[in-house]
Structures are given as C-alpha cells and as structure tokens.
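The next block holds one structure in the form of structure tokens; read it before the comments.
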Amino acid sequence: MSAASFSTTSTIEPIPAQQEYALNGFVGPGVVVGVGVAVAMWISWYALHLPSIRVTPTVSAGLLLIVLLGGTALGTRGLSTQAWRAGLVAGLVAGLVNLLLLGSKLTEAGDAPGERAATLVPQAPLIVLGFLGLCLTMGGIGGGAGGLLGGRSRAAEGTWLARFAVIAVVSLVPLITIGGAVTSAGAGMAVPDWPGTYGSNMFLYPIGLMADPYIFLEHTHRLFGTLVGLIAIMLTSAVLVKRGGWRSLLVTLPLAGAAFGTVILNNSGRITPSVSIPTLALVAFALVVWSVGSAIRRSPGSLATGIFALVCTQGMLGALRVTEINPIFGVFHGILAQLILAFGVVLAAMLTSTWRQRVSIPADTGVAGRIGKRVSSIAAVMLLIQLSLAALYRHTFATHALWAHIAFAIFVTIAVASLGFILMRADTFSAQGKGLHRIGRALVVAVGLQFALGFVAWGFGSAVGHSRVVMYDQLEGAAPPSMGLVISATAHQANGAFLIAMTALALAWSTRLASPARNPAETRNRGAVAALG
C-alpha cells in the first residue's frame with residue numbers, strides 16, 4: 001500500500017480518563033465471568049434437554065459442571081492472584097442465575113390426567129443450598145486454574161464492561177433463535193397462560209412435562225426471555241454506574257412502565273386490543289427512536305437504558321400474543337427482537353477500547369467509512385422493510401407479504417453485498433480498519449447464505465405446507481412439526497437477524513470513522529488553526 005494511503009481523513013478522539021469503562025478488582029470481572037458461564041450453561045442445558053435428545057440427568061449434570069469449570073478457568077485467565085477470588089464470585093453468580101433452571105428439577109407434577117400444576121419436593125431447600133455450594137466450589141477451582149494458566153493481562157485487551165455487553169448480545173442469540181423455532185413450528189400457543197405455565201410458576205414447571213416439543217419450545221423461549229431481562233438489568237446498571245446517563249431513565253422507565261401498564265389494563269379487561277396494540281406500537285417506536293438517537297449521540301448510558309426498556313416492551317408484546325391470541329402482537333414481537341439485537345451489538349462496540357482510541361485514520365479506511373455510512377443507512381432501511389414483510393407473513397400467513405418478501409430480497413441482496421465490498425476496502429493493519437474490513441466480509445458471506453437459506457425454507461414450505469399455530473388444546477392429536485421446515489426457516493430467520501445486526505454495526509462504525517472528532521477543545525483548536533490559515 002502506498003504511503004499516500006496513510007494520510008489522515010479524520011481523527012478519533014479519546015474518552016477522558018475519568019470516563020473509562022473498566023471494572024476493577026475481582027468482583028466486577030467475577031460477575032462478568034459468572035454471567036458468561038451461566039449463558040453457556042443455559043445453552044448447553046437447552047441442547048441436552050431437547051425432546052429428540054434427552055440425555056440422562058447424570059450425564060447432563062456432569063457436562064454442565066464441565067462447562068462451569070472450564071468457562072470459569074478460561075474467563076479468569078490472566079487475572080493472576082485475583083483469579084481464584086474472581087472464580088468464587090463467578091461460581092456464585094452462575095449458581096444464582098441457574099436457579100431459574102434448577103426449579104424444573106425441584107417440582108413434581110400432579111397425578112390427575114392432564115394436570116400440569118406442580119408442587120415442590122420436600123428436599124428442595126437442601127438441593128438449592130447444595131447446588132449453590134457446588135457452584136461456588138467449582139468456580140473457585142476454575143478460578144485457581146485460570147490463575148495458573150497465565151497469559152496476557154485481560155485489562156490490556158479491553159474492559160470488562162465491554163465484555164459484559166458482548167455476553168448480553170450472546171444471550172440474545174439463543175432467545176431469538178428459539179423464538180424463530182417457536183414461530184416456525186407453530187408452537188406460540190402451546191402454553192395458554194402467562195406468566196405461569198399451565199398453572200405452575202414459570203420457573204417451577206417440571207422438566208418431565210416438557211417432553212412435548214411444542215411445550216418445550218414455547219416454555220424454554222420464556223425462560224430465555226427472563227435470562228435476557230436479568231442480564232439487561234445488570235448491564236444497564238453497570239453502564240450507568242461507570243459511564244453515567246442516569247437522566248435517561250426519566251424517559252425510558254416511564255415508557256417501559258407504560259408497556260407494563262398496557263398489559264395489566266388489557267388483561268383486566270379495562271382496555272381492548274384495539275387500544276393496546278397501537279399503545280404498545282407507539283411505545284416501541286418511541287424507544288427505537290430514542291435508541292437510534294442515543295447511538296447517534298454516542299451515549300452508552302442512554303443507549304443501555306433504551307435497550308432495557310425495549311426488552312421490557314418486548315416481553316409485554318410476547319405476553320399479549322399469548323393472552324389475546326392475536327398474531328399482530330407476534331408481528332411486532334418478531335420485529336422488535338431483531339432491533340434489540342442490533343442495538344446491543346452497537347452498544348458493545350461503543351464500550352470497546354478500539355472505539356475510544358485516538359488514532360489517525362488511513363485514507364482507504366476514511367473513504368470506506370464515508371461511503372459506507374451512506375450505503376449502510378440505505379441497507380438498514382431496506383432490511384427493516386424486509387424484516388417487516390417476513391414477520392407479517394410468518395405470523396399472519398399473508399401470501400402477498402411472502403411474494404413481496406421474495407421479490408424485495410433481490411434488491412436487499414444487492415444493497416448489502418455492495419455495502420460489504422465497500423467496507424472491505426478498509427485497511428487491514430489498523431484496529432479500526434481491520435474491524436470495518438471484517439464487518440464487510442461478514443456481510444458478503446451472510447447475505448449470500450441468507451439468499452440460499454430463503455430458497456431452502458421456501459422449498460420446504462412448498463413441500464410440507466407452512467406450519468399453522470397449534471393451540472394448547474390441540475396438542476394431544478397434533479402431528480410433530482416438520483424438522484426440515486423448522487430448521488431451515490429458523491436458520492433463515494437467525495441469519496437475517498445477524499445481517500441486521502452487522503449492518504447496524506457497519507453504520508455505527510462507518511459513522512464513527514467518517515465523522516469529525518467531537519471533543520470540544522479539539523474542535524476549537526481546529527477552528528483557530530483554520531482562521532489563522
């Protein structure tokens with residue numbers, strides 16, 4: 001590459017030292033590692049308990065303990081003498097989060113045919129204490145092993161808060177994927193009540209009653225929703241403490257409260273869906289606008305509160321989908337899920353040290369950023385339209401939405417592929433340019449895969465017929481869902497979510513690289529120099 005390519009087109013300003021997002025000591029890293037290990041254990045638990053797999057409890061417990069031990073060791077690597085302390089914290093945090101799953105092992109179902117309500121087993125308190133003690137012990141052992149592994153200091157590679165945001169994004173992936181499987185299989189109405197499950201507390205529904213694939217998909221989707229909600233609370237609190245932005249709660253909390261209030265009023269019969277649907281749609285739209293504005297202002301605290309409020313609204317949309325048996329709520333529910341993932345990815349990027357570095361941008365990267373900013377804006381709008389068409393078809397089976405989705409896919413593919421190739425013009429020797437280059441490469445690969453997956457899902461749908469929603473009182477005689485259709489349609493939906501998230505990240509990064517510095521002092525200095533010139 002020529003020397004001219006090193007000429008700078010823009011400068012990224014640093015964040016003042018007092019605004020660093022690091023989590024010091026061993027408690028902060030321990031919490032982050034513990035949440036990350038818990039997410040890994042939840043994903044493993046889900047795979048091990050799929051109705052088509054169903055490993056024995058002994059094997060399942062052993063594998064989950066291996067995940068706990070290995071995850072803690074890897075997570076605390078490089079913390080030196082603090083590693084075992086962080087491991088203890090991680091083990092305790094993972095154990096507490098996993099109590100949401102342990103509840104399915106602490107209950108037994110009633111004896112009456114069709115009775116799904118459950119009661120706690122007598123030894124439940126001892127099981128809980130023993131489980132927490134085991135997690136604490138395994139975490140300490142894993143942390144000790146992590147300290148012995150050594151390696152480069154984790155603090156030198158970035159901040160723990162940024163990793164927490166990445167973990168939050170990872171937790172959204174299984175939630176969105178399982179949600180896609182629920183829709184693909186037509187299992188959205190397999191459980192008639194909310195927030196309970198067949199009269200049981202959601203977290204105490206017996207594992208033995210999840211054998212039906214429709215119930216398993218819908219119930220575990222709810223469980224992962226609570227996991228994401230818990231992580232959103234923790235991440236938002238951490239970002240506000242380390243970065244500030246508490247005033248944003250004055251806007252986002254009332255909007256989240258409006259979503260909760262709408263569900264309460266709807267379920268009590270005081271308002272009808274004709275009121276609750278536009279109300280929740282308006283709340284969701286306001287929060288999306290707020291989150292977009294927060295990203296433009298580059299305000300992590302404001303964006304984190306927006307994401308938290310969106311997660312709350314998303315849960316309320318899912319609740320009304322069940323209680324009202326209204327697919328329109330499902331349409332909004334499906335759209336909002338992918339937008340939350342996109343905002344989460346942008347927040348994680350904003351918290352990284354690479355985002356905050358003061359660097360000179362090579363000319364190639366600057367050009368890619370300036371052009372990519374315009375093209376990614378267009379691609380993002382097109383993807384949002386495509387997502388809306390897909391959600392409309394998947395939840396209402398409107399044929400015109402399907403054909404519009406198929407036709408529009410050609411234009412979306414061209415736009416996203418063009419964006420990818422533009423971003424791949426960025427340099428590969430600076431951290432910023434390399435990141436932009438990788439985003440572009442991921443977009444090119446993903447959009448090609450998405451186009452192919454769309455035709456595969458369409459083929460399965462034409463061959464076996466598109467799944468219709470199976471009501472809870474139809475489960476006994478219902479045929480099992482077509483695995484080919486469920487897998488292909490869910491893969492298409494999940495890869496689409498990835499495309500939207502990467503396009504949002506491309507827009508955020510290209511804007512960051514293309515825009516001038518926002519440091520007021522630096523701006524004044526540049527103005528003074530220009531005036532003297």
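Just so we're on the same page: first chain in the structure tokens is A, next is B, and so on; residues restart at 1 for each chain, and ligands are numbered from 1 in the order they show up.
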
Contacts of stretch 261-278 of chain A at 10 Å (only C-alpha atoms; same-chain gap of 2+ positions) as a PDB file with N, CA and C atoms, in the first residue's frame:
ATOM      1  N   LEU A 255     -41.652   4.885  29.783  1.00  0.00           N
ATOM      2  CA  LEU A 255     -42.095   4.158  28.591  1.00  0.00           C
ATOM      3  C   LEU A 255     -42.203   2.661  28.878  1.00  0.00           C
ATOM      4  N   ALA A 256     -41.219   2.129  29.610  1.00  0.00           N
ATOM      5  CA  ALA A 256     -41.307   0.717  29.997  1.00  0.00           C
ATOM      6  C   ALA A 256     -42.502   0.497  30.915  1.00  0.00           C
ATOM      7  N   GLY A 257     -42.747   1.438  31.837  1.00  0.00           N
ATOM      8  CA  GLY A 257     -43.919   1.335  32.710  1.00  0.00           C
ATOM      9  C   GLY A 257     -45.215   1.381  31.929  1.00  0.00           C
ATOM     10  N   ALA A 258     -45.238   2.164  30.847  1.00  0.00           N
ATOM     11  CA  ALA A 258     -46.437   2.216  30.011  1.00  0.00           C
ATOM     12  C   ALA A 258     -46.704   0.876  29.356  1.00  0.00           C
ATOM     13  N   ALA A 259     -45.629   0.171  28.981  1.00  0.00           N
ATOM     14  CA  ALA A 259     -45.803  -1.159  28.395  1.00  0.00           C
ATOM     15  C   ALA A 259     -46.395  -2.127  29.415  1.00  0.00           C
ATOM     16  N   LEU A 280     -48.808  -0.103  22.519  1.00  0.00           N
ATOM     17  CA  LEU A 280     -47.508  -0.769  22.578  1.00  0.00           C
ATOM     18  C   LEU A 280     -46.673  -0.455  21.345  1.00  0.00           C
ATOM     19  N   ALA A 281     -47.324  -0.337  20.187  1.00  0.00           N
ATOM     20  CA  ALA A 281     -46.585   0.020  18.981  1.00  0.00           C
ATOM     21  C   ALA A 281     -45.968   1.406  19.125  1.00  0.00           C
ATOM     22  N   LEU A 282     -46.716   2.333  19.709  1.00  0.00           N
ATOM     23  CA  LEU A 282     -46.206   3.697  19.916  1.00  0.00           C
ATOM     24  C   LEU A 282     -45.056   3.708  20.913  1.00  0.00           C
ATOM     25  N   VAL A 283     -45.192   2.936  21.999  1.00  0.00           N
ATOM     26  CA  VAL A 283     -44.114   2.847  22.989  1.00  0.00           C
ATOM     27  C   VAL A 283     -42.856   2.272  22.353  1.00  0.00           C
ATOM     28  N   ALA A 284     -43.028   1.184  21.598  1.00  0.00           N
ATOM     29  CA  ALA A 284     -41.873   0.564  20.949  1.00  0.00           C
ATOM     30  C   ALA A 284     -41.215   1.518  19.967  1.00  0.00           C
ATOM     31  N   THR A 313     -40.585  -3.991  26.950  1.00  0.00           N
ATOM     32  CA  THR A 313     -41.691  -3.885  26.000  1.00  0.00           C
ATOM     33  C   THR A 313     -41.824  -5.159  25.181  1.00  0.00           C
ATOM     34  N   MET A 316     -43.669  -7.717  27.108  1.00  0.00           N
ATOM     35  CA  MET A 316     -45.099  -7.433  27.175  1.00  0.00           C
ATOM     36  C   MET A 316     -45.810  -7.793  25.863  1.00  0.00           C
ATOM     37  N   LEU A 317     -45.139  -7.580  24.744  1.00  0.00           N
ATOM     38  CA  LEU A 317     -45.714  -7.978  23.452  1.00  0.00           C
ATOM     39  C   LEU A 317     -45.891  -9.487  23.385  1.00  0.00           C
ATOM     40  N   ALA A 319     -46.296 -11.443  25.925  1.00  0.00           N
ATOM     41  CA  ALA A 319     -47.372 -11.823  26.850  1.00  0.00           C
ATOM     42  C   ALA A 319     -48.741 -11.645  26.207  1.00  0.00           C
ATOM     43  N   LEU A 320     -48.952 -10.508  25.553  1.00  0.00           N
ATOM     44  CA  LEU A 320     -50.249 -10.267  24.927  1.00  0.00           C
ATOM     45  C   LEU A 320     -50.478 -11.166  23.718  1.00  0.00           C
ATOM     46  N   THR A 323     -52.030 -14.171  25.666  1.00  0.00           N
ATOM     47  CA  THR A 323     -53.320 -13.968  26.341  1.00  0.00           C
ATOM     48  C   THR A 323     -54.413 -13.512  25.387  1.00  0.00           C
ATOM     49  N   GLU A 324     -54.048 -12.788  24.324  1.00  0.00           N
ATOM     50  CA  GLU A 324     -55.046 -12.281  23.384  1.00  0.00           C
ATOM     51  C   GLU A 324     -55.207 -13.160  22.150  1.00  0.00           C
ATOM     52  N   ASN A 326     -53.591 -13.081  19.481  1.00  0.00           N
ATOM     53  CA  ASN A 326     -53.641 -12.107  18.404  1.00  0.00           C
ATOM     54  C   ASN A 326     -52.289 -12.082  17.691  1.00  0.00           C
ATOM     55  N   ILE A 328     -51.059 -10.106  15.529  1.00  0.00           N
ATOM     56  CA  ILE A 328     -50.456  -8.794  15.316  1.00  0.00           C
ATOM     57  C   ILE A 328     -49.396  -8.506  16.376  1.00  0.00           C
ATOM     58  N   PHE A 329     -49.671  -8.922  17.614  1.00  0.00           N
ATOM     59  CA  PHE A 329     -48.663  -8.772  18.662  1.00  0.00           C
ATOM     60  C   PHE A 329     -47.410  -9.574  18.305  1.00  0.00           C
ATOM     61  N   PHE A 332     -45.142  -7.575  15.778  1.00  0.00           N
ATOM     62  CA  PHE A 332     -44.303  -6.575  16.452  1.00  0.00           C
ATOM     63  C   PHE A 332     -43.230  -7.251  17.306  1.00  0.00           C
TER      64      PHE A 332
END

* To do: List every residue of stretch 286-499 of chain A that DSSP, applied to the backbone of this structure, places in alpha helix (DSSP H), and write the result as an MDAnalysis selection string.
  => chainID A and resid 286:297 300:324 327:350 353:356 363:396 399:423 431:464 483:499

* atom CA of A:Val32 to atom CA of A:Leu96, straight-line distance in Å ->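 Interatomic distance here is 13.4 Å.
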
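Among A:Tyr472, A:Phe498, A:Phe26, A:Tyr393, the residue with the shortest atom-to-atom distance to A:Trp160, counting only C-alpha atoms, is A:Phe26.
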
* To do: Give me the residues within 9 Å of A:Thr177 as a list of chain:residue names, counting only C-alpha atoms and dropping any in the same chain fewer than 5 places off.
  =>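 Once the adjacent positions are removed, what remains is A:Leu172, A:Val182, A:Thr490, A:Ala491, A:Gln493, A:Ala494.
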
* If you count only C-alpha atoms, which residues fall within 8 Å of A:Leu423, apart from same-chain ones fewer than 5 positions away, as number ranges by chain? -> A: 368-369, 372, 436-437, 439-441

Write the residues of the selection above to a file with N, CA and C atoms, as an mmCIF file, in the first residue's frame.
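Resulting contents of selection.cif:
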data_model
loop_
_atom_site.group_PDB
_atom_site.id
_atom_site.type_symbol
_atom_site.label_atom_id
_atom_site.label_comp_id
_atom_site.auth_asym_id
_atom_site.auth_seq_id
_atom_site.Cartn_x
_atom_site.Cartn_y
_atom_site.Cartn_z
ATOM 1 N N ALA A 368 -13.736 4.329 2.867
ATOM 2 C CA ALA A 368 -14.699 3.252 3.126
ATOM 3 C C ALA A 368 -15.733 3.678 4.160
ATOM 4 N N GLY A 369 -15.279 4.456 5.155
ATOM 5 C CA GLY A 369 -16.208 4.914 6.177
ATOM 6 C C GLY A 369 -17.209 5.909 5.638
ATOM 7 N N GLY A 372 -19.425 4.023 3.158
ATOM 8 C CA GLY A 372 -20.163 3.006 3.915
ATOM 9 C C GLY A 372 -21.258 3.601 4.776
ATOM 10 N N LEU A 436 -13.610 -2.772 10.319
ATOM 11 C CA LEU A 436 -14.515 -2.435 9.222
ATOM 12 C C LEU A 436 -14.402 -3.464 8.095
ATOM 13 N N HIS A 437 -13.187 -3.894 7.811
ATOM 14 C CA HIS A 437 -12.960 -4.901 6.774
ATOM 15 C C HIS A 437 -13.657 -6.216 7.137
ATOM 16 N N ILE A 439 -16.245 -6.634 9.120
ATOM 17 C CA ILE A 439 -17.701 -6.462 9.026
ATOM 18 C C ILE A 439 -18.151 -6.619 7.581
ATOM 19 N N GLY A 440 -17.405 -6.009 6.664
ATOM 20 C CA GLY A 440 -17.748 -6.123 5.256
ATOM 21 C C GLY A 440 -17.696 -7.552 4.765
ATOM 22 N N ARG A 441 -16.661 -8.265 5.159
ATOM 23 C CA ARG A 441 -16.544 -9.666 4.735
ATOM 24 C C ARG A 441 -17.675 -10.507 5.305
#

* Closest to A:Leu389 among A:Gly208, A:Gly334, A:Pro254, A:Gly188, using only C-alpha atoms? -> A:Gly334

* What lies within 7 Å of A:Val27 using only C-alpha atoms, ignoring chain neighbours under 2 positions off, as a PyMOL selection string? -> chain A and resi 25+29-31+86+89

May I have the residues from that selection written out with N, CA and C atoms, as a short mmCIF file (atom, residue, chain, number, x, y, z; two decimals), in the first residue's frame?
data_model
loop_
_atom_site.label_atom_id
_atom_site.label_comp_id
_atom_site.auth_asym_id
_atom_site.auth_seq_id
_atom_site.Cartn_x
_atom_site.Cartn_y
_atom_site.Cartn_z
N GLY A 25 -10.64 -4.58 40.24
CA GLY A 25 -10.70 -5.57 41.30
C GLY A 25 -11.07 -6.95 40.77
N PRO A 29 -14.99 -8.34 37.40
CA PRO A 29 -14.68 -9.44 36.48
C PRO A 29 -15.35 -10.74 36.85
N GLY A 30 -15.46 -11.02 38.16
CA GLY A 30 -16.12 -12.25 38.58
C GLY A 30 -17.59 -12.29 38.17
N VAL A 31 -18.27 -11.16 38.32
CA VAL A 31 -19.68 -11.08 37.91
C VAL A 31 -19.81 -11.30 36.41
N ALA A 86 -12.02 -14.08 41.86
CA ALA A 86 -12.99 -13.84 40.80
C ALA A 86 -13.74 -15.12 40.46
N VAL A 89 -16.58 -15.62 42.93
CA VAL A 89 -17.70 -14.74 42.58
C VAL A 89 -18.44 -15.26 41.35
#

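Among the candidates A:Ser200, A:Ser418, A:Ser482, A:Ser184, the residue lying nearest to A:Leu217 is A:Ser184 (atoms considered: only C-alpha atoms).
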
If you take only C-alpha atoms and a cut-off of 12 Å, which residues of stretch 394-494 of chain A touch stretch 362-367 of chain A, and what are their nearest atom pairs and distances in Å to one decimal, in chain and number order, as CSV?
residue,atom,partner,partner_atom,distance
A:Ile422,CA,A:Val367,CA,9.0
A:Leu423,CA,A:Thr365,CA,8.1
A:Met424,CA,A:Thr365,CA,9.1
A:Arg425,CA,A:Asp364,CA,6.5
A:Ala426,CA,A:Thr365,CA,4.1
A:Asp427,CA,A:Thr365,CA,5.7
A:Thr428,CA,A:Thr365,CA,9.0
A:Phe429,CA,A:Pro362,CA,9.6
A:Ser430,CA,A:Pro362,CA,8.3
A:Ala431,CA,A:Thr365,CA,10.7
A:Gln432,CA,A:Thr365,CA,8.1
A:Gly433,CA,A:Thr365,CA,5.5
A:Lys434,CA,A:Thr365,CA,9.0
A:Gly435,CA,A:Thr365,CA,10.2
A:Leu436,CA,A:Thr365,CA,8.0
A:His437,CA,A:Thr365,CA,8.8
